[in-house]
Amino acid sequence: MTIHVIGAGMAGLAAAHALATQGQAVTLHEATPGAGGRARALPDGTDNGTHALIGCNTAALGFLDAIGARQYWVQPEPGGLPVHDCADGSSRLVALSPAGWWNGARRPAGVSWGGVLAMMAMALPFKDRTIAEAMAAHPAFLRGFVDPLVIAALNTPSAEASTRRLGQVLRKLGAPGAARLFVASRGLGPDLVEPALAVLATAGAEYSPGSRLRAIQVREGRATSLTFQDQDVMLGAADRVVLALPPWEATRMLPGLPAPDAFAPIVNLHFAFQPGGEVRFLGLLGALCQWVLVRPEGVAVTVSAGDAEAEQDVEELAPRAWAEILAAVRAFHLPGDWPLAPPPCRVIKERRATPRQRPGPIPAPPRRPLANLALAGDWTWPDLPATIEAAICSGQAAAREILR
Ligand SMILES: Cc1cc2nc3c(=O)[nH]c(=O)nc-3n(C[C@H](O)[C@H](O)[C@H](O)COP(=O)(O)OP(=O)(O)OC[C@H]3O[C@@H](n4cnc5c(N)ncnc54)[C@H](O)[C@@H]3O)c2cc1C
């Protein structure tokens, strides 16, 4: 029996890992030359975009453990997230969990008891509506904490993001250590994708990059063959498939699957400046960018849900982003000889980074739409917004399902 895993993003890697380490014969097919999908390193080693995990991402952190990569993910700001407000020039350290706000020095801007209660109410199964509506009575807290949380967790602005979707995140953030923040210290290539592929190779899995699936032939509720761009694979009676594709590809192969159909971009700017020092992670308010990731060998900023920015070019974006970076760097006294003029900058636009997490029914495709085919992918895990955690959970669930 061969299990064909299609798509080497986080969901496909997690499924292939779960299957191969149980002794199954796995072939992992990936359309592009490299693995990682929406969490990948580009050929020159640059991350496509900054990816952070939090303590409650237990499946993702467990996966890092399983592939021997956990030690590369560091907690850059254990004392609280440094947040600089570019609009009024204020700076503070913010605890990411309300439990940390007992310490007055770790409270976000604009926090009030009423605001905290309104936020916590979103964790309860009340009516699904936009977060801006639910927080309308608490604009300062919305701006100072909820907006950045929403854009980080849902990649959708509060004006259109769903309270039910945010509630899924808030319920997880309550556990001790749940809000600890982790980033890859060197990059997604060496700290995630390469260790995963190495473990797969050791477990005997075959990896086939540059192998795009074009179509799936289906008869009587079973997949009978897979058409790749360069070959047809006939499926034997015992062969199985895990389809770990983004929604637009999965629904092209299997029309009619319930799937998200509106997506939000993420734009990342990578500056060729090497400040040295430690890995740091800074938040920005009232700014174009939301996050600054400082690694010894480079500086990156993230513009989530940046519909307008996804249409702008580097000449427009880089000077604005660099001015914001410098303001935060000065506010928190980061070491290094930071130049006034923007260093060379590379812009990476992921136009369909995640689904737009709006109010309304959450698409819940069947885990096993065909007798010998299971689905994986961040969008197939309705319990969480589309994240690495959702992708890993879905991949592991698909592996369990296909072996049943
Ligand atoms: C810039 C950016 C920043 C993000 N930040 C975070 C973050 O901080 N924290 C977090 O948890 N999540 C973050 N995310 C979301 C996270 O990256 C995704 O949720 C996750 O990577 C999705 O994994 P997946 O395997 O479900 O899908 P994908 O990564 O889309 O994987 C699908 C794979 O299938 C391949 N493929 C497509 N079509 C075919 C075909 N026909 N045949 C064969 N292969 C095919 C693709 O090339 C890809 O490798 C971010 C996403 C982006 C883009």
# chains A, B, ... in the order shown; residues from 1 in each chain; ligands from 1

call {"tool": "residues_near_ligand", "arguments": {"ligand": "ligand 1", "cutoff": "7 Å", "atoms": "only C-alpha atoms and all ligand atoms", "output": "number ranges by chain"}}
result
A: 6-12, 29-32, 35-39, 48-53, 211-214, 244-246, 249, 266-268, 350, 353-354, 376-379, 386-391

call {"tool": "select_by_dssp", "arguments": {"residues": "range 109-358 of chain A", "states": "helix (DSSP H, G or I)", "output": "ChimeraX atom specification"}}
result
/A:113-121,131-134,139-154,163-173,188-202,247-253,309-311,314-331

call {"tool": "write_last_selection", "arguments": {"atoms": "C-alpha atoms", "output": "PDB file, in the first residue's frame"}}
result
ATOM      1  CA  TRP A 113     -12.678  46.365  32.846  1.00  0.00           C
ATOM      2  CA  GLY A 114     -15.643  46.914  30.524  1.00  0.00           C
ATOM      3  CA  GLY A 115     -13.405  46.370  27.523  1.00  0.00           C
ATOM      4  CA  VAL A 116     -11.916  43.182  28.975  1.00  0.00           C
ATOM      5  CA  LEU A 117     -15.405  41.841  29.726  1.00  0.00           C
ATOM      6  CA  ALA A 118     -16.550  42.643  26.183  1.00  0.00           C
ATOM      7  CA  MET A 119     -13.491  40.824  24.824  1.00  0.00           C
ATOM      8  CA  MET A 120     -14.007  37.797  27.083  1.00  0.00           C
ATOM      9  CA  ALA A 121     -17.678  37.667  26.038  1.00  0.00           C
ATOM     10  CA  ILE A 131     -15.427  42.349  16.282  1.00  0.00           C
ATOM     11  CA  ALA A 132     -15.729  46.081  15.617  1.00  0.00           C
ATOM     12  CA  GLU A 133     -19.457  45.837  16.473  1.00  0.00           C
ATOM     13  CA  ALA A 134     -18.815  43.785  19.620  1.00  0.00           C
ATOM     14  CA  PRO A 139     -12.592  52.056  21.054  1.00  0.00           C
ATOM     15  CA  ALA A 140      -9.346  52.685  22.968  1.00  0.00           C
ATOM     16  CA  PHE A 141      -9.009  49.033  24.036  1.00  0.00           C
ATOM     17  CA  LEU A 142     -10.024  47.913  20.539  1.00  0.00           C
ATOM     18  CA  ARG A 143      -7.192  49.971  19.063  1.00  0.00           C
ATOM     19  CA  GLY A 144      -4.616  49.207  21.769  1.00  0.00           C
ATOM     20  CA  PHE A 145      -5.037  45.438  22.041  1.00  0.00           C
ATOM     21  CA  VAL A 146      -7.960  43.793  20.262  1.00  0.00           C
ATOM     22  CA  ASP A 147      -7.215  45.110  16.741  1.00  0.00           C
ATOM     23  CA  PRO A 148      -3.591  43.838  16.793  1.00  0.00           C
ATOM     24  CA  LEU A 149      -4.702  40.494  18.252  1.00  0.00           C
ATOM     25  CA  VAL A 150      -7.398  40.121  15.595  1.00  0.00           C
ATOM     26  CA  ILE A 151      -5.116  40.990  12.717  1.00  0.00           C
ATOM     27  CA  ALA A 152      -2.432  38.599  14.054  1.00  0.00           C
ATOM     28  CA  ALA A 153      -4.794  35.701  14.720  1.00  0.00           C
ATOM     29  CA  LEU A 154      -7.319  36.115  11.906  1.00  0.00           C
ATOM     30  CA  THR A 163     -16.330  37.207  16.950  1.00  0.00           C
ATOM     31  CA  ARG A 164     -16.841  33.435  16.795  1.00  0.00           C
ATOM     32  CA  ARG A 165     -13.489  32.971  15.085  1.00  0.00           C
ATOM     33  CA  LEU A 166     -11.718  35.176  17.623  1.00  0.00           C
ATOM     34  CA  GLY A 167     -13.517  33.276  20.392  1.00  0.00           C
ATOM     35  CA  GLN A 168     -11.776  30.086  19.228  1.00  0.00           C
ATOM     36  CA  VAL A 169      -8.445  31.805  19.897  1.00  0.00           C
ATOM     37  CA  LEU A 170      -9.466  33.479  23.154  1.00  0.00           C
ATOM     38  CA  ARG A 171     -10.600  30.170  24.683  1.00  0.00           C
ATOM     39  CA  LYS A 172      -7.129  28.728  24.027  1.00  0.00           C
ATOM     40  CA  LEU A 173      -5.303  31.755  25.433  1.00  0.00           C
ATOM     41  CA  LEU A 188      11.593  28.687   8.329  1.00  0.00           C
ATOM     42  CA  GLY A 189      13.978  26.686   6.123  1.00  0.00           C
ATOM     43  CA  PRO A 190      16.513  25.532   8.716  1.00  0.00           C
ATOM     44  CA  ASP A 191      14.112  25.632  11.682  1.00  0.00           C
ATOM     45  CA  LEU A 192      11.037  23.935  10.217  1.00  0.00           C
ATOM     46  CA  VAL A 193      10.975  22.692   6.637  1.00  0.00           C
ATOM     47  CA  GLU A 194      14.429  21.129   6.379  1.00  0.00           C
ATOM     48  CA  PRO A 195      14.193  19.203   9.681  1.00  0.00           C
ATOM     49  CA  ALA A 196      10.742  17.913   8.647  1.00  0.00           C
ATOM     50  CA  LEU A 197      12.057  16.683   5.286  1.00  0.00           C
ATOM     51  CA  ALA A 198      15.089  15.116   6.984  1.00  0.00           C
ATOM     52  CA  VAL A 199      12.892  13.107   9.370  1.00  0.00           C
ATOM     53  CA  LEU A 200      10.690  12.011   6.463  1.00  0.00           C
ATOM     54  CA  ALA A 201      13.743  10.821   4.523  1.00  0.00           C
ATOM     55  CA  THR A 202      14.975   8.863   7.554  1.00  0.00           C
ATOM     56  CA  PRO A 247      -8.842  25.404  -0.777  1.00  0.00           C
ATOM     57  CA  TRP A 248      -8.716  26.799  -4.318  1.00  0.00           C
ATOM     58  CA  GLU A 249      -6.764  23.754  -5.506  1.00  0.00           C
ATOM     59  CA  ALA A 250      -8.700  21.154  -3.504  1.00  0.00           C
ATOM     60  CA  THR A 251     -12.039  22.412  -4.829  1.00  0.00           C
ATOM     61  CA  ARG A 252     -10.669  22.370  -8.370  1.00  0.00           C
ATOM     62  CA  MET A 253      -9.841  18.660  -7.920  1.00  0.00           C
ATOM     63  CA  GLU A 309      -0.334  47.534   0.435  1.00  0.00           C
ATOM     64  CA  ALA A 310      -0.494  44.391  -1.706  1.00  0.00           C
ATOM     65  CA  GLU A 311      -0.953  46.755  -4.664  1.00  0.00           C
ATOM     66  CA  VAL A 314       8.758  48.634  -2.789  1.00  0.00           C
ATOM     67  CA  GLU A 315       9.511  52.348  -3.420  1.00  0.00           C
ATOM     68  CA  GLU A 316       6.266  53.295  -1.696  1.00  0.00           C
ATOM     69  CA  LEU A 317       6.406  50.757   1.129  1.00  0.00           C
ATOM     70  CA  ALA A 318      10.057  50.576   2.177  1.00  0.00           C
ATOM     71  CA  PRO A 319      10.636  54.197   3.353  1.00  0.00           C
ATOM     72  CA  ARG A 320       7.439  54.156   5.448  1.00  0.00           C
ATOM     73  CA  ALA A 321       8.231  50.777   6.979  1.00  0.00           C
ATOM     74  CA  TRP A 322      11.835  51.693   7.730  1.00  0.00           C
ATOM     75  CA  ALA A 323      10.790  54.934   9.488  1.00  0.00           C
ATOM     76  CA  GLU A 324       8.459  52.868  11.701  1.00  0.00           C
ATOM     77  CA  ILE A 325      11.192  50.333  12.428  1.00  0.00           C
ATOM     78  CA  LEU A 326      13.615  53.089  13.436  1.00  0.00           C
ATOM     79  CA  ALA A 327      11.024  54.624  15.772  1.00  0.00           C
ATOM     80  CA  ALA A 328      10.501  51.288  17.559  1.00  0.00           C
ATOM     81  CA  VAL A 329      14.222  50.490  17.633  1.00  0.00           C
ATOM     82  CA  ARG A 330      14.951  53.844  19.290  1.00  0.00           C
ATOM     83  CA  ALA A 331      12.047  53.502  21.723  1.00  0.00           C
TER      84      ALA A 331
END

call {"tool": "closest_atom_pairs", "arguments": {"of": "range 35-129 of chain A", "to": "range 18-27 of chain A", "cutoff": "12 Å", "atoms": "only C-alpha atoms", "output": "tab-separated table"}}
result
residue	atom	partner	partner_atom	distance
A:Gly62	CA	A:Ala18	CA	11.9
A:Phe63	CA	A:Ala18	CA	9.6
A:Ala66	CA	A:Ala18	CA	9.8
A:Ile67	CA	A:Thr21	CA	10.7

call {"tool": "atom_distance", "arguments": {"atom1": "CA of Ala262 in chain A", "atom2": "CA of Pro361 in chain A"}}
result
13.4 Å

call {"tool": "closest_residue", "arguments": {"among": "A:Leu257, A:Leu64, A:Ala105, A:Leu285", "to": "Pro365 in chain A", "atoms": "only C-alpha atoms"}}
result
A:Leu257

call {"tool": "closest_atom_pairs", "arguments": {"of": "range 119-218 of chain A", "to": "range 76-85 of chain A", "cutoff": "10 Å", "atoms": "only C-alpha atoms", "output": "Markdown table"}}
result
| residue | atom | partner | partner_atom | distance |
| --- | --- | --- | --- | --- |
| A:Gly144 | CA | A:Asp85 | CA | 8.9 |
| A:Arg180 | CA | A:Pro78 | CA | 7.3 |
| A:Leu181 | CA | A:Pro76 | CA | 7.3 |
| A:Phe182 | CA | A:Pro76 | CA | 6.8 |
| A:Val183 | CA | A:Pro76 | CA | 7.2 |
| A:Ala184 | CA | A:Pro76 | CA | 9.7 |
| A:Ser185 | CA | A:Pro76 | CA | 8.8 |

call {"tool": "write_last_selection", "arguments": {"atoms": "N, CA and C atoms", "output": "compact mmCIF listing (two decimals), in the first residue's frame"}}
result
# COMPACT_ATOMS: atom_id res chain seq x y z
N GLY A 144 -5.87 49.50 21.06
CA GLY A 144 -4.62 49.21 21.77
C GLY A 144 -4.30 47.73 21.90
N ARG A 180 2.64 32.53 25.41
CA ARG A 180 4.07 32.69 25.13
C ARG A 180 4.29 32.70 23.63
N LEU A 181 5.17 33.58 23.17
CA LEU A 181 5.36 33.78 21.74
C LEU A 181 6.68 33.15 21.31
N PHE A 182 6.64 32.41 20.19
CA PHE A 182 7.85 31.75 19.68
C PHE A 182 8.07 32.13 18.21
N VAL A 183 9.32 32.34 17.85
CA VAL A 183 9.65 32.53 16.42
C VAL A 183 10.87 31.67 16.07
N ALA A 184 11.00 31.38 14.79
CA ALA A 184 12.16 30.60 14.31
C ALA A 184 13.39 31.50 14.41
N SER A 185 14.42 31.04 15.08
CA SER A 185 15.56 31.92 15.33
C SER A 185 16.37 32.17 14.07

call {"tool": "closest_residue", "arguments": {"among": "A:Pro355, A:Trp102, A:Arg367, A:Phe271", "to": "Pro342 in chain A", "atoms": "only C-alpha atoms"}}
result
A:Phe271

call {"tool": "atom_distance", "arguments": {"atom1": "CA of Ala371 in chain A", "atom2": "CA of Ala60 in chain A"}}
result
27.9 Å

call {"tool": "atom_distance", "arguments": {"atom1": "CA of Leu340 in chain A", "atom2": "CA of Gly187 in chain A"}}
result
25.9 Å

call {"tool": "closest_residue", "arguments": {"among": "A:Leu13, A:Ala259, A:Pro339, A:Leu293", "to": "Phe273 in chain A", "atoms": "only C-alpha atoms"}}
result
A:Pro339

call {"tool": "residues_around", "arguments": {"residues": "Arg358 in chain A", "least_positions_apart": "3", "cutoff": "7 Å", "atoms": "only C-alpha atoms", "output": "PyMOL selection string"}}
result
chain A and resi 160-162

call {"tool": "write_last_selection", "arguments": {"atoms": "N, CA, C and O atoms", "output": "JSON list (two decimals), in the first residue's frame"}}
result
[["chain", "number", "residue", "atom", "x", "y", "z"],
["A", 160, "GLU", "N", -14.37, 43.58, 9.77],
["A", 160, "GLU", "CA", -15.03, 42.47, 9.06],
["A", 160, "GLU", "C", -14.78, 41.10, 9.70],
["A", 160, "GLU", "O", -15.33, 40.11, 9.24],
["A", 161, "ALA", "N", -13.98, 41.05, 10.79],
["A", 161, "ALA", "CA", -13.63, 39.73, 11.37],
["A", 161, "ALA", "C", -14.72, 39.24, 12.32],
["A", 161, "ALA", "O", -15.42, 40.01, 12.97],
["A", 162, "SER", "N", -14.79, 37.92, 12.44],
["A", 162, "SER", "CA", -15.88, 37.25, 13.17],
["A", 162, "SER", "C", -15.56, 37.09, 14.66],
["A", 162, "SER", "O", -14.46, 36.63, 15.01]]

call {"tool": "closest_residue", "arguments": {"among": "A:Ala178, A:Ala41, A:Leu288, A:Ala69", "to": "Ala99 in chain A", "atoms": "only C-alpha atoms"}}
result
A:Ala178

call {"tool": "select_by_dssp", "arguments": {"residues": "range 122-272 of chain A", "states": "strand (DSSP E or B)", "output": "PyMOL selection string"}}
result
chain A and resi 130+162+181-184+206-208+213-219+222-228+232-234+240-243+263-271
